[in-house]
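Coordinates as given in data38.txt (compact mmCIF, C-alpha atoms):
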# COMPACT_ATOMS: atom_id res chain seq x y z
CA MET A 23 53.61 42.54 202.52
CA PRO A 24 53.22 44.74 205.64
CA LEU A 25 50.08 44.33 207.67
CA VAL A 26 48.78 47.52 209.25
CA ALA A 27 46.10 47.98 211.88
CA THR A 28 44.83 51.55 212.04
CA ASP A 29 41.74 53.64 212.66
CA GLY A 30 39.96 54.48 209.43
CA ILE A 31 36.83 55.97 207.92
CA VAL A 32 35.11 55.10 204.65
CA LEU A 33 34.98 58.10 202.29
CA HIS A 34 33.93 56.41 199.07
CA ALA A 35 32.92 52.92 198.04
CA ILE A 36 32.12 51.38 194.68
CA ASP A 37 30.94 47.86 194.00
CA TYR A 38 33.49 45.63 192.28
CA MET A 39 32.53 42.43 190.50
CA GLU A 40 29.87 40.29 192.16
CA THR A 41 30.72 40.47 195.82
CA SER A 42 33.60 42.88 196.41
CA ARG A 43 33.87 46.58 196.97
CA ILE A 44 36.67 49.07 196.32
CA VAL A 45 36.88 51.52 199.18
CA ARG A 46 38.71 54.82 199.63
CA LEU A 47 39.67 54.91 203.26
CA ALA A 48 41.09 57.83 205.26
CA THR A 49 43.26 56.42 208.03
CA ARG A 50 45.04 57.82 211.06
CA ASP A 51 48.38 56.06 210.42
CA VAL A 52 48.75 55.57 206.66
CA GLY A 53 46.75 58.45 205.21
CA LEU A 54 44.42 57.98 202.30
CA GLN A 55 44.36 54.45 200.88
CA SER A 56 42.45 52.61 198.16
CA VAL A 57 41.63 49.08 199.24
CA ILE A 58 39.70 46.16 197.89
CA ALA A 59 37.34 44.53 200.39
CA LYS A 60 36.70 41.07 199.04
CA GLY A 61 33.23 39.73 199.78
CA ALA A 62 32.13 43.07 201.26
CA ARG A 63 28.78 43.01 199.45
CA ARG A 64 27.75 39.75 201.08
CA THR A 65 25.63 40.43 204.15
CA ARG A 66 27.28 37.54 205.93
CA GLY A 67 30.80 38.27 204.73
CA ARG A 68 33.58 39.15 207.15
CA HIS A 69 32.97 42.86 206.57
CA GLY A 70 29.25 42.46 207.17
CA ALA A 71 27.33 45.61 206.44
CA SER A 72 30.00 47.73 208.05
CA LEU A 73 31.72 49.20 205.00
CA ASP A 74 29.18 51.94 204.58
CA LEU A 75 29.91 55.55 203.70
CA PHE A 76 31.32 57.52 206.69
CA ALA A 77 31.55 54.37 208.84
CA GLU A 78 34.52 54.55 211.19
CA GLY A 79 36.38 51.61 212.66
CA ALA A 80 39.53 49.57 213.15
CA ALA A 81 40.87 48.75 209.71
CA HIS A 82 43.29 45.92 208.97
CA LEU A 83 45.20 46.54 205.76
CA SER A 84 47.57 44.44 203.76
CA LEU A 85 49.75 47.01 202.00
CA ARG A 86 51.68 46.07 198.87
CA PRO A 87 54.57 48.47 198.24
CA GLY A 88 54.44 50.17 194.85
CA ARG A 89 50.76 49.34 194.30
CA ASP A 90 47.83 51.73 194.27
CA LEU A 91 45.24 49.20 195.42
CA HIS A 92 45.75 47.34 198.68
CA THR A 93 43.66 44.73 200.48
CA LEU A 94 41.34 45.34 203.40
CA THR A 95 41.44 42.17 205.47
CA GLY A 96 39.09 43.38 208.20
CA PHE A 97 37.07 46.37 209.33
CA ASP A 98 35.55 46.41 212.81
CA VAL A 99 33.11 49.28 212.81
CA THR A 100 33.04 51.43 215.92
CA ARG A 101 30.82 54.24 214.70
CA SER A 102 28.42 54.86 211.86
CA ARG A 103 26.83 58.19 211.03
CA PRO A 104 23.24 57.59 209.91
CA GLU A 105 22.40 61.21 210.83
CA LEU A 106 24.29 62.31 207.71
CA ALA A 107 21.54 60.77 205.58
CA ALA A 108 18.79 62.63 207.45
CA ASP A 109 18.56 65.48 204.95
CA MET A 110 20.19 66.61 201.73
CA GLY A 111 21.91 69.55 203.40
CA ARG A 112 23.85 67.27 205.74
CA PHE A 113 24.40 64.55 203.14
CA THR A 114 25.82 66.86 200.49
CA ALA A 115 27.88 68.80 203.05
CA ALA A 116 29.47 65.60 204.36
CA SER A 117 30.09 64.44 200.80
CA ALA A 118 31.82 67.74 200.01
CA ILE A 119 34.07 67.25 203.04
CA ALA A 120 34.88 63.71 201.88
CA GLU A 121 35.65 65.06 198.40
CA LEU A 122 38.03 67.63 199.83
CA VAL A 123 40.02 64.92 201.62
CA LEU A 124 39.84 62.51 198.67
CA ARG A 125 41.25 65.12 196.30
CA PHE A 126 43.93 66.65 198.53
CA ALA A 127 45.16 64.09 201.09
CA HIS A 128 48.05 61.69 200.51
CA ASP A 129 49.03 58.21 201.61
CA ASP A 130 51.13 59.32 204.56
CA GLU A 131 50.45 59.60 208.27
CA HIS A 132 48.51 62.74 209.19
CA ALA A 133 46.73 62.16 212.49
CA ALA A 134 45.64 65.81 212.87
CA LEU A 135 43.96 65.77 209.46
CA TYR A 136 42.20 62.52 210.36
CA ASP A 137 40.98 63.95 213.68
CA THR A 138 39.77 67.14 211.98
CA LEU A 139 37.90 65.07 209.41
CA LEU A 140 36.11 63.07 212.13
CA ALA A 141 35.31 66.22 214.13
CA THR A 142 33.88 67.89 211.01
CA LEU A 143 31.66 64.95 210.11
CA ASP A 144 30.46 64.76 213.73
CA ALA A 145 29.74 68.50 213.71
CA ILE A 146 27.70 68.18 210.50
CA ALA A 147 25.86 65.13 211.85
CA GLY A 148 25.05 66.85 215.14
CA ALA A 149 24.37 70.37 213.85
CA PRO A 150 20.96 71.83 214.70
CA PRO A 151 18.61 72.22 211.72
CA GLY A 152 19.88 74.90 209.37
CA ARG A 153 23.45 74.90 210.72
CA ALA A 154 25.01 72.00 208.82
CA ARG A 155 26.40 74.43 206.24
CA VAL A 156 28.25 76.47 208.88
CA ALA A 157 29.63 73.28 210.41
CA ALA A 158 30.85 72.11 207.01
CA LEU A 159 32.41 75.48 206.11
CA ALA A 160 34.25 75.61 209.42
CA GLY A 161 35.49 72.05 209.06
CA ALA A 162 36.50 72.51 205.44
CA TRP A 163 38.70 75.53 206.24
CA ARG A 164 40.23 73.62 209.18
CA LEU A 165 41.04 70.78 206.81
CA VAL A 166 42.55 73.24 204.34
CA ALA A 167 44.73 74.57 207.16
CA GLU A 168 45.77 71.02 208.14
CA LEU A 169 46.63 70.30 204.52
CA GLY A 170 49.00 73.27 204.63
CA PHE A 171 47.46 75.86 202.35
CA ALA A 172 45.44 78.04 204.69
CA PRO A 173 44.79 81.48 203.19
CA ALA A 174 46.58 84.58 204.47
CA LEU A 175 44.01 86.60 206.41
CA ASP A 176 45.80 88.92 208.83
CA ARG A 177 48.55 90.12 206.48
CA CYS A 178 48.46 90.91 202.81
CA ALA A 179 49.29 87.75 200.86
CA LEU A 180 51.53 89.81 198.52
CA CYS A 181 53.26 92.59 200.47
CA HIS A 182 52.78 91.04 203.95
CA ARG A 183 51.64 94.30 205.52
CA PRO A 184 49.20 93.82 208.45
CA LEU A 185 45.57 94.24 207.45
CA ASP A 186 43.09 96.27 209.46
CA PRO A 187 40.82 93.62 211.08
CA ALA A 188 37.77 95.88 210.84
CA ALA A 189 38.23 96.78 207.17
CA ASP A 190 37.00 95.02 204.04
CA ALA A 191 39.73 93.47 201.93
CA GLY A 192 40.25 91.83 198.59
CA PHE A 193 40.72 88.07 198.30
CA SER A 194 42.88 86.54 195.62
CA HIS A 195 42.71 82.78 195.12
CA ARG A 196 45.84 82.88 192.97
CA ASP A 197 47.85 84.80 195.56
CA GLY A 198 46.61 82.68 198.45
CA GLY A 199 44.54 85.01 200.59
CA ALA A 200 43.52 88.53 201.54
CA LEU A 201 45.16 91.54 199.89
CA CYS A 202 45.66 95.11 201.07
CA PRO A 203 43.88 97.78 198.99
CA ALA A 204 47.09 98.77 197.19
CA CYS A 205 47.94 95.20 196.12
CA ALA A 206 44.29 94.39 195.30
CA ARG A 207 44.23 97.27 192.81
CA GLN A 208 47.17 95.78 190.92
CA ARG A 209 45.69 92.30 190.56
CA THR A 210 42.87 90.90 188.44
CA GLY A 211 40.23 88.39 189.58
CA VAL A 212 40.19 89.72 193.15
CA ARG A 213 37.01 89.03 195.12
CA ALA A 214 35.63 91.43 197.70
CA LEU A 215 35.98 90.01 201.20
CA PRO A 216 33.87 91.95 203.73
CA ALA A 217 35.32 92.26 207.23
CA PRO A 218 32.73 89.91 208.84
CA ALA A 219 33.51 87.24 206.22
CA ARG A 220 37.24 87.56 206.96
CA THR A 221 36.50 87.29 210.70
CA ALA A 222 34.52 84.11 210.07
CA LEU A 223 37.31 82.67 207.93
CA ARG A 224 39.91 83.55 210.54
CA HIS A 225 37.86 81.85 213.19
CA TRP A 226 37.29 78.72 211.10
CA VAL A 227 40.92 78.39 210.07
CA ALA A 228 42.23 78.89 213.62
CA GLU A 229 43.00 75.78 215.59
CA ALA A 230 40.55 76.68 218.34
CA GLY A 231 37.73 77.35 215.90
CA ASP A 232 34.56 75.34 215.98
CA ALA A 233 31.32 75.17 214.06
CA SER A 234 29.23 76.88 216.70
CA THR A 235 30.59 80.37 215.98
CA PRO A 236 30.60 83.03 214.58
CA GLY A 237 26.88 82.63 214.45
CA ASP A 238 24.35 81.80 211.82
CA LEU A 239 24.91 82.79 208.23
CA ASP A 240 22.07 84.15 206.19
CA ASP A 241 21.50 82.29 202.92
CA ALA A 242 23.30 84.79 200.70
CA THR A 243 26.35 84.95 202.99
CA GLY A 244 26.40 81.16 203.28
CA ARG A 245 26.34 80.82 199.51
CA ALA A 246 29.11 83.37 199.12
CA HIS A 247 31.27 81.41 201.58
CA GLN A 248 30.56 78.14 199.73
CA ARG A 249 31.55 79.77 196.42
CA LEU A 250 34.74 81.25 197.93
CA LEU A 251 35.75 77.87 199.33
CA ARG A 252 35.06 76.03 196.08
CA GLU A 253 37.02 78.57 194.04
CA PHE A 254 39.91 78.42 196.50
CA LEU A 255 40.04 74.63 196.27
CA HIS A 256 39.86 74.73 192.47
CA GLU A 257 42.81 77.11 192.41
CA HIS A 258 44.88 74.54 194.31
CA LEU A 259 43.78 71.48 192.33
CA ALA A 260 46.29 70.51 189.71
CA ASP A 261 44.05 68.21 187.67
CA GLY A 262 41.25 70.68 186.86
CA ARG A 263 38.53 68.04 187.40
CA PRO A 264 35.25 69.40 188.79
CA LEU A 265 34.36 69.12 192.45
CA ARG A 266 31.09 67.27 191.94
CA ALA A 267 30.05 66.95 195.57
CA PHE A 268 30.83 70.63 196.17
CA ASP A 269 28.70 71.57 193.17
CA MET A 270 25.80 69.55 194.56
CA TRP A 271 26.28 70.95 198.06
CA GLU A 272 25.64 74.41 196.61
CA GLY A 273 22.33 73.20 195.15
CA ALA A 274 19.48 75.61 195.72
CA ARG A 275 16.92 73.13 197.01
CA TRP A 276 18.71 72.32 200.26
CA ALA A 277 20.31 75.67 200.95
CA GLY A 278 21.29 76.23 204.54
CA GLY A 279 21.49 72.54 205.39
CA MET B 55 44.13 48.96 165.80
CA SER B 56 43.88 45.19 165.30
CA ALA B 57 40.63 43.26 165.75
CA ILE B 58 42.08 41.59 168.84
CA GLU B 59 43.03 44.90 170.46
CA ASP B 60 39.68 46.39 169.49
CA LEU B 61 37.69 43.63 171.20
CA ALA B 62 39.94 43.61 174.27
CA LEU B 63 39.50 47.36 174.59
CA GLU B 64 35.71 47.06 174.41
CA LEU B 65 35.59 44.19 176.93
CA ALA B 66 37.82 46.13 179.33
CA LYS B 67 35.14 48.82 179.50
CA LEU B 68 32.78 46.37 181.25
CA PRO B 69 32.55 46.61 185.05
CA GLY B 70 34.90 44.28 186.88
CA ILE B 71 36.94 43.44 183.77
CA GLY B 72 40.50 44.72 183.61
CA ARG B 73 42.91 44.70 180.68
CA LYS B 74 44.30 41.23 181.51
CA THR B 75 40.88 39.60 181.84
CA ALA B 76 39.71 41.33 178.65
CA THR B 77 42.71 39.95 176.75
CA ARG B 78 42.10 36.48 178.23
CA LEU B 79 38.44 36.56 177.16
CA THR B 80 39.44 37.68 173.68
CA TYR B 81 41.86 34.76 173.25
CA HIS B 82 39.26 32.39 174.67
CA LEU B 83 36.78 33.51 172.00
CA LEU B 84 39.44 33.09 169.32
CA LYS B 85 39.86 29.46 170.36
CA GLN B 86 36.11 28.81 169.91
CA PRO B 87 34.49 28.07 166.54
CA PRO B 88 33.62 31.32 164.70
CA GLU B 89 29.95 30.45 165.13
CA ALA B 90 30.24 30.95 168.91
CA SER B 91 31.48 34.53 168.41
CA ARG B 92 28.69 35.19 165.92
CA ARG B 93 26.10 33.95 168.40
CA LEU B 94 27.56 36.20 171.11
CA ALA B 95 27.63 39.18 168.77
CA GLY B 96 24.07 38.44 167.66
CA ALA B 97 22.87 38.23 171.26
CA LEU B 98 24.49 41.59 172.05
CA VAL B 99 22.91 43.24 169.01
CA THR B 100 19.49 41.76 169.79
CA MET B 101 19.74 42.95 173.40
CA ALA B 102 20.74 46.46 172.34
CA GLU B 103 17.90 46.66 169.83
CA ARG B 104 15.10 45.07 171.84
CA VAL B 105 15.62 45.78 175.52
CA ARG B 106 14.40 49.11 176.85
CA SER B 107 12.94 50.63 180.00
CA CYS B 108 9.30 50.00 180.86
CA GLU B 109 7.41 53.23 180.23
CA VAL B 110 5.61 52.89 183.56
CA CYS B 111 8.14 51.62 186.08
CA GLY B 112 11.58 51.69 184.43
CA ASN B 113 12.07 47.91 184.65
CA LEU B 114 13.89 46.30 181.71
CA THR B 115 11.56 44.90 179.08
CA GLU B 116 11.26 44.11 175.39
CA ASP B 117 7.78 45.66 175.23
CA ALA B 118 6.43 49.10 175.98
CA GLN B 119 5.44 47.87 179.45
CA CYS B 120 7.13 45.14 181.47
CA ALA B 121 5.42 41.86 182.36
CA ILE B 122 4.82 43.03 185.95
CA CYS B 123 3.07 46.26 184.91
CA ARG B 124 0.96 44.30 182.41
CA ASP B 125 -0.03 41.63 184.94
CA PRO B 126 -3.60 42.35 186.17
CA ARG B 127 -3.03 40.19 189.25
CA ARG B 128 -0.37 42.60 190.57
CA ASP B 129 -1.70 45.29 192.92
CA PRO B 130 -1.25 48.68 191.19
CA ALA B 131 -1.91 50.53 194.47
CA LEU B 132 1.32 49.17 195.97
CA VAL B 133 4.56 50.51 194.47
CA CYS B 134 7.97 49.28 195.59
CA VAL B 135 10.80 51.73 194.80
CA VAL B 136 14.18 50.16 194.02
CA GLU B 137 17.54 51.56 192.95
CA GLU B 138 18.17 49.30 189.95
CA ALA B 139 16.13 47.00 187.73
CA SER B 140 18.31 44.12 188.97
CA ASP B 141 16.86 44.66 192.48
CA ILE B 142 13.43 43.61 191.15
CA GLY B 143 14.75 40.12 190.48
CA ALA B 144 15.95 39.81 194.07
CA ILE B 145 12.53 40.79 195.47
CA GLU B 146 10.67 38.61 192.97
CA ARG B 147 12.78 35.59 193.99
CA ALA B 148 11.40 35.95 197.52
CA GLY B 149 7.93 35.29 196.05
CA GLU B 150 6.11 37.38 198.66
CA TYR B 151 5.50 40.72 196.98
CA ARG B 152 2.40 41.12 194.81
CA GLY B 153 2.55 44.86 194.04
CA ARG B 154 4.35 46.75 191.31
CA TYR B 155 7.71 48.54 191.10
CA HIS B 156 9.40 51.80 190.31
CA VAL B 157 13.09 51.84 189.30
CA LEU B 158 15.00 55.00 190.26
CA GLY B 159 18.03 54.14 188.14
CA GLY B 160 20.56 54.61 190.94
CA ARG B 161 20.89 56.35 194.28
CA LEU B 162 21.95 59.78 195.42
CA SER B 163 25.73 60.02 195.41
CA PRO B 164 27.18 63.54 195.38
CA LEU B 165 30.73 62.18 195.12
CA ASP B 166 29.77 60.45 191.87
CA GLY B 167 27.81 63.44 190.65
CA VAL B 168 24.42 61.70 191.03
CA GLY B 169 21.74 64.08 192.29
CA PRO B 170 17.92 63.98 192.42
CA ASP B 171 17.61 65.15 188.82
CA ASP B 172 19.59 62.10 187.66
CA LEU B 173 17.07 59.67 189.17
CA ALA B 174 13.51 58.82 188.09
CA ILE B 175 12.00 60.67 191.06
CA ASP B 176 9.86 63.03 188.97
CA ALA B 177 8.44 60.00 187.13
CA LEU B 178 7.50 58.46 190.49
CA LEU B 179 5.80 61.67 191.63
CA ALA B 180 3.89 61.85 188.34
CA ARG B 181 2.82 58.23 188.79
CA VAL B 182 1.52 58.97 192.30
CA ARG B 183 -0.18 62.18 191.12
CA GLY B 184 -1.88 60.12 188.44
CA GLY B 185 -3.85 58.39 191.20
CA GLY B 186 -4.46 54.81 192.24
CA VAL B 187 -1.36 54.46 194.43
CA ARG B 188 -2.08 53.69 198.10
CA GLU B 189 1.40 52.87 199.46
CA VAL B 190 4.96 53.45 198.32
CA ILE B 191 7.54 51.06 199.76
CA LEU B 192 11.07 52.48 199.73
CA ALA B 193 13.38 49.53 199.07
CA THR B 194 16.62 51.37 198.34
CA ASN B 195 19.72 49.64 199.72
CA PRO B 196 20.32 49.86 203.48
CA SER B 197 23.45 51.97 202.92
CA LEU B 198 23.93 55.63 203.83
CA GLU B 199 23.41 56.64 200.19
CA GLY B 200 20.33 54.41 199.93
CA GLU B 201 18.97 55.90 203.14
CA ALA B 202 19.59 59.47 201.94
CA THR B 203 17.75 58.59 198.73
CA ALA B 204 14.84 57.10 200.67
CA VAL B 205 14.60 60.16 202.93
CA TYR B 206 14.65 62.49 199.94
CA VAL B 207 11.94 60.53 198.09
CA GLN B 208 9.83 60.32 201.25
CA ARG B 209 9.92 64.11 201.65
CA GLU B 210 9.01 64.63 198.01
CA LEU B 211 6.05 62.25 198.42
CA LYS B 212 4.83 63.87 201.64
CA ALA B 213 2.49 66.32 199.91
CA HIS B 214 0.85 63.61 197.82
CA GLY B 215 -1.13 61.86 200.55
CA VAL B 216 0.17 58.31 200.08
CA ALA B 217 1.48 56.02 202.80
CA VAL B 218 5.28 55.76 202.58
CA THR B 219 7.04 52.79 204.21
CA ARG B 220 10.69 51.69 204.37
CA ILE B 221 11.88 48.08 204.19
CA ALA B 222 13.14 46.76 207.54
CA ARG B 223 16.83 46.41 208.37
CA GLY B 224 18.55 44.00 210.70
CA LEU B 225 20.05 40.55 211.01
CA PRO B 226 19.96 38.23 207.98
CA VAL B 227 17.95 35.02 208.28
CA GLY B 228 20.36 32.19 209.13
CA GLY B 229 22.98 34.68 210.34
CA ASP B 230 25.00 34.41 213.51
CA LEU B 231 24.60 37.13 216.14
CA GLU B 232 28.18 36.63 217.30
CA TYR B 233 29.56 37.61 213.90
CA ALA B 234 27.17 40.48 213.14
CA ASP B 235 28.66 43.98 213.15
CA GLY B 236 27.60 46.56 215.73
CA VAL B 237 25.69 48.75 213.27
CA THR B 238 23.50 45.85 212.11
CA ILE B 239 22.81 44.72 215.69
CA ALA B 240 21.93 48.29 216.73
CA GLN B 241 19.51 48.63 213.80
CA ALA B 242 18.00 45.21 214.50
CA LEU B 243 17.42 46.20 218.12
CA SER B 244 15.86 49.56 217.26
CA ALA B 245 13.56 47.89 214.70
CA ARG B 246 12.51 45.08 217.10
CA ARG B 247 8.83 44.10 217.13
CA GLU B 248 6.50 42.52 219.59
CA MET B 249 6.05 38.80 219.10
CA PRO B 250 2.47 37.82 218.25

Since I need it in another form, could you write the structure as structure tokens?
Amino acid sequence: MPLVATDGIVLHAIDYMETSRIVRLATRDVGLQSVIAKGARRTRGRHGASLDLFAEGAAHLSLRPGRDLHTLTGFDVTRSRPELAADMGRFTAASAIAELVLRFAHDDEHAALYDTLLATLDAIAGAPPGRARVAALAGAWRLVAELGFAPALDRCALCHRPLDPAADAGFSHRDGGALCPACARQRTGVRALPAPARTALRHWVAEAGDASTPGDLDDATGRAHQRLLREFLHEHLADGRPLRAFDMWEGARWAGG
Amino acid sequence: MSAIEDLALELAKLPGIGRKTATRLTYHLLKQPPEASRRLAGALVTMAERVRSCEVCGNLTEDAQCAICRDPRRDPALVCVVEEASDIGAIERAGEYRGRYHVLGGRLSPLDGVGPDDLAIDALLARVRGGGVREVILATNPSLEGEATAVYVQRELKAHGVAVTRIARGLPVGGDLEYADGVTIAQALSARREMP
């Protein structure tokens, strides 16, 4: 039964029986893991109050080969993110990011994905009022790129011809990115992707991208980006289950975050 | 499907009970006199037929209003908001609180699909609008989801002119500082108070 010590962050937790908690943990060294934290609901248990959503720390795991549920033997919290509960925009955005990782990541080492996840949650937590949505969109596309299915943006996803950076383009979820006008005409279900939206996407997907650019999004543009991202993720999900946190993130009452 | 499989399947739907435990419980019941199973079945039927939510606060009751809402000695101007009806028992055991309650029926959890419309927040706002409430105490759990719920409810209550307070967070009584986690210590320090 290998014991592993790794950095980890809590992405989901449900109470189990009287005192335990089942936690979905994203880790730096062993990817996404489901663990049982025995006694985690006791305030004086060994986990204390540390196993809270988006808490980050040094996790000690007892991994059982061939099993889906492992044991968390310790979690020394190094960082919590109470700012993510400060408003519904931040809270739902961070939850959508967690959902993205929970639905797409695997149980193998992926340090870059882990670092991008932390950076995204920090960006959402620290975003000025009204900019949490931009921070989440940027981080989500970076995560998509880390997961290996970044959309084609500079060349047509079908014929691979270079696309004019200043021109509007079509966007096909099924084909995996932007299409030239000729290919877009031949396909169904193609969304219009204005040039500024493609510039924003390119910036967010790029390694050097960050949440502070390309500037504020007005509400309609922000919503269009949220819808594009959700549809893109749905296209790549094999199980067809809804993205519940994403749906809530798009809720009208906390638009803009 | 056999009666044994049927019961095991139903028991396995309960939280914290897996297939093995459900099967074990089924065989345990089979070893008891039939009267024991009848009593259990009767208790389940009675509970399902009689227990409902209090029409005022959402607490579990066998009457239209729960015993706390009916009690004239409880202060109706003080309303303590909790996530679940089971939280009321925990607060009542402390024996200090003399106000009334409001049960939200959960907490905000986008990952589980629980949003504001799934909680009894509108019922709380209607209760406050109805008048007679002086203070609302937000006693959702001290977790990130509980905090997000408290913040949301507080903002919804803002326009209604009632005092809104949040239960304190920090070190448990009888706890050991050495073994407390950093988050709890930080919150205990930020919520420190002057000694009288």

Could you please tell me, as a PDB file with C-alpha atoms, in the frame of the given file, which residues of chain A have an atom within 10 Å of chain B when using all atoms listed in the file?
ATOM      1  CA  LEU A  33      34.980  58.100 202.290  1.00  0.00           C
ATOM      2  CA  HIS A  34      33.930  56.410 199.070  1.00  0.00           C
ATOM      3  CA  ALA A  35      32.920  52.920 198.040  1.00  0.00           C
ATOM      4  CA  ILE A  36      32.120  51.380 194.680  1.00  0.00           C
ATOM      5  CA  ASP A  37      30.940  47.860 194.000  1.00  0.00           C
ATOM      6  CA  TYR A  38      33.490  45.630 192.280  1.00  0.00           C
ATOM      7  CA  MET A  39      32.530  42.430 190.500  1.00  0.00           C
ATOM      8  CA  GLU A  40      29.870  40.290 192.160  1.00  0.00           C
ATOM      9  CA  SER A  42      33.600  42.880 196.410  1.00  0.00           C
ATOM     10  CA  THR A  65      25.630  40.430 204.150  1.00  0.00           C
ATOM     11  CA  ARG A  66      27.280  37.540 205.930  1.00  0.00           C
ATOM     12  CA  GLY A  67      30.800  38.270 204.730  1.00  0.00           C
ATOM     13  CA  ARG A  68      33.580  39.150 207.150  1.00  0.00           C
ATOM     14  CA  HIS A  69      32.970  42.860 206.570  1.00  0.00           C
ATOM     15  CA  GLY A  70      29.250  42.460 207.170  1.00  0.00           C
ATOM     16  CA  ALA A  71      27.330  45.610 206.440  1.00  0.00           C
ATOM     17  CA  SER A  72      30.000  47.730 208.050  1.00  0.00           C
ATOM     18  CA  LEU A  73      31.720  49.200 205.000  1.00  0.00           C
ATOM     19  CA  ASP A  74      29.180  51.940 204.580  1.00  0.00           C
ATOM     20  CA  LEU A  75      29.910  55.550 203.700  1.00  0.00           C
ATOM     21  CA  PHE A  76      31.320  57.520 206.690  1.00  0.00           C
ATOM     22  CA  ALA A  77      31.550  54.370 208.840  1.00  0.00           C
ATOM     23  CA  PHE A  97      37.070  46.370 209.330  1.00  0.00           C
ATOM     24  CA  ASP A  98      35.550  46.410 212.810  1.00  0.00           C
ATOM     25  CA  VAL A  99      33.110  49.280 212.810  1.00  0.00           C
ATOM     26  CA  THR A 100      33.040  51.430 215.920  1.00  0.00           C
ATOM     27  CA  ARG A 101      30.820  54.240 214.700  1.00  0.00           C
ATOM     28  CA  SER A 102      28.420  54.860 211.860  1.00  0.00           C
ATOM     29  CA  ARG A 103      26.830  58.190 211.030  1.00  0.00           C
ATOM     30  CA  PRO A 104      23.240  57.590 209.910  1.00  0.00           C
ATOM     31  CA  GLU A 105      22.400  61.210 210.830  1.00  0.00           C
ATOM     32  CA  LEU A 106      24.290  62.310 207.710  1.00  0.00           C
ATOM     33  CA  ALA A 107      21.540  60.770 205.580  1.00  0.00           C
ATOM     34  CA  ALA A 108      18.790  62.630 207.450  1.00  0.00           C
ATOM     35  CA  ASP A 109      18.560  65.480 204.950  1.00  0.00           C
ATOM     36  CA  MET A 110      20.190  66.610 201.730  1.00  0.00           C
ATOM     37  CA  ARG A 112      23.850  67.270 205.740  1.00  0.00           C
ATOM     38  CA  PHE A 113      24.400  64.550 203.140  1.00  0.00           C
ATOM     39  CA  THR A 114      25.820  66.860 200.490  1.00  0.00           C
ATOM     40  CA  ALA A 115      27.880  68.800 203.050  1.00  0.00           C
ATOM     41  CA  ALA A 116      29.470  65.600 204.360  1.00  0.00           C
ATOM     42  CA  SER A 117      30.090  64.440 200.800  1.00  0.00           C
ATOM     43  CA  ALA A 118      31.820  67.740 200.010  1.00  0.00           C
ATOM     44  CA  ILE A 119      34.070  67.250 203.040  1.00  0.00           C
ATOM     45  CA  ALA A 120      34.880  63.710 201.880  1.00  0.00           C
ATOM     46  CA  GLU A 121      35.650  65.060 198.400  1.00  0.00           C
ATOM     47  CA  LEU A 124      39.840  62.510 198.670  1.00  0.00           C
ATOM     48  CA  PRO A 264      35.250  69.400 188.790  1.00  0.00           C
ATOM     49  CA  LEU A 265      34.360  69.120 192.450  1.00  0.00           C
ATOM     50  CA  ARG A 266      31.090  67.270 191.940  1.00  0.00           C
ATOM     51  CA  ALA A 267      30.050  66.950 195.570  1.00  0.00           C
ATOM     52  CA  PHE A 268      30.830  70.630 196.170  1.00  0.00           C
ATOM     53  CA  ASP A 269      28.700  71.570 193.170  1.00  0.00           C
ATOM     54  CA  MET A 270      25.800  69.550 194.560  1.00  0.00           C
ATOM     55  CA  TRP A 271      26.280  70.950 198.060  1.00  0.00           C
ATOM     56  CA  GLY A 273      22.330  73.200 195.150  1.00  0.00           C
TER      57      GLY A 273
END

Mind pulling up the distance from atom CA of Cys181 of chain A to atom CA of Arg209 of chain A? 12.5 Å

Distance atom CA of Leu211 of chain B-atom CA of Pro151 of chain A, one decimal place?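 Here the two named atoms are 20.8 Å from each other.
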
Judged by all atoms listed in the file, the minimum distance to Glu116 of chain B among B:Arg147, B:Arg78, B:Arg104, B:Arg188 is found for B:Arg104

Non-local contacts of Asp129 of chain B (12 Å; only C-alpha atoms; under 3 positions in same chain excluded) as number ranges by chain: B: 122-126, 132-134, 151-155, 186-190

How would the residues just chosen look if you wrote them out with C-alpha atoms as a CSV table (one decimal), keeping the file's coordinate frame?
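Below is the file that was written, selection.csv:
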chain,number,residue,atom,x,y,z
B,122,ILE,CA,4.8,43.0,186.0
B,123,CYS,CA,3.1,46.3,184.9
B,124,ARG,CA,1.0,44.3,182.4
B,125,ASP,CA,0.0,41.6,184.9
B,126,PRO,CA,-3.6,42.4,186.2
B,132,LEU,CA,1.3,49.2,196.0
B,133,VAL,CA,4.6,50.5,194.5
B,134,CYS,CA,8.0,49.3,195.6
B,151,TYR,CA,5.5,40.7,197.0
B,152,ARG,CA,2.4,41.1,194.8
B,153,GLY,CA,2.6,44.9,194.0
B,154,ARG,CA,4.4,46.8,191.3
B,155,TYR,CA,7.7,48.5,191.1
B,186,GLY,CA,-4.5,54.8,192.2
B,187,VAL,CA,-1.4,54.5,194.4
B,188,ARG,CA,-2.1,53.7,198.1
B,189,GLU,CA,1.4,52.9,199.5
B,190,VAL,CA,5.0,53.4,198.3

Long-range neighbours of Leu83 of chain B as a PyMOL selection string, 12 Å cut-off, all atoms listed in the file, 3 positions minimum in chain: chain B and resi 58+61-62+65+76-80+86-95

B:Lys74, B:His156, B:Leu68, B:Ile145 ranked by distance to Ser107 of chain B, top pick (using all atoms listed in the file):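 For Ser107 of chain B, the nearest of the candidates is B:His156.
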
Point (46.3, 56.3, 206.3), cut-off 9 Å, counting only C-alpha atoms, residues as a list in words: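 Neighbouring residues, ordered by chain and number, come to Thr28, Asp29, Gly30, Leu47, Ala48, Thr49, Arg50, Asp51, Val52, Gly53, Leu54, Gln55, His128, Asp129, Asp130, Glu131, His132, Ala133 and Tyr136 of chain A.
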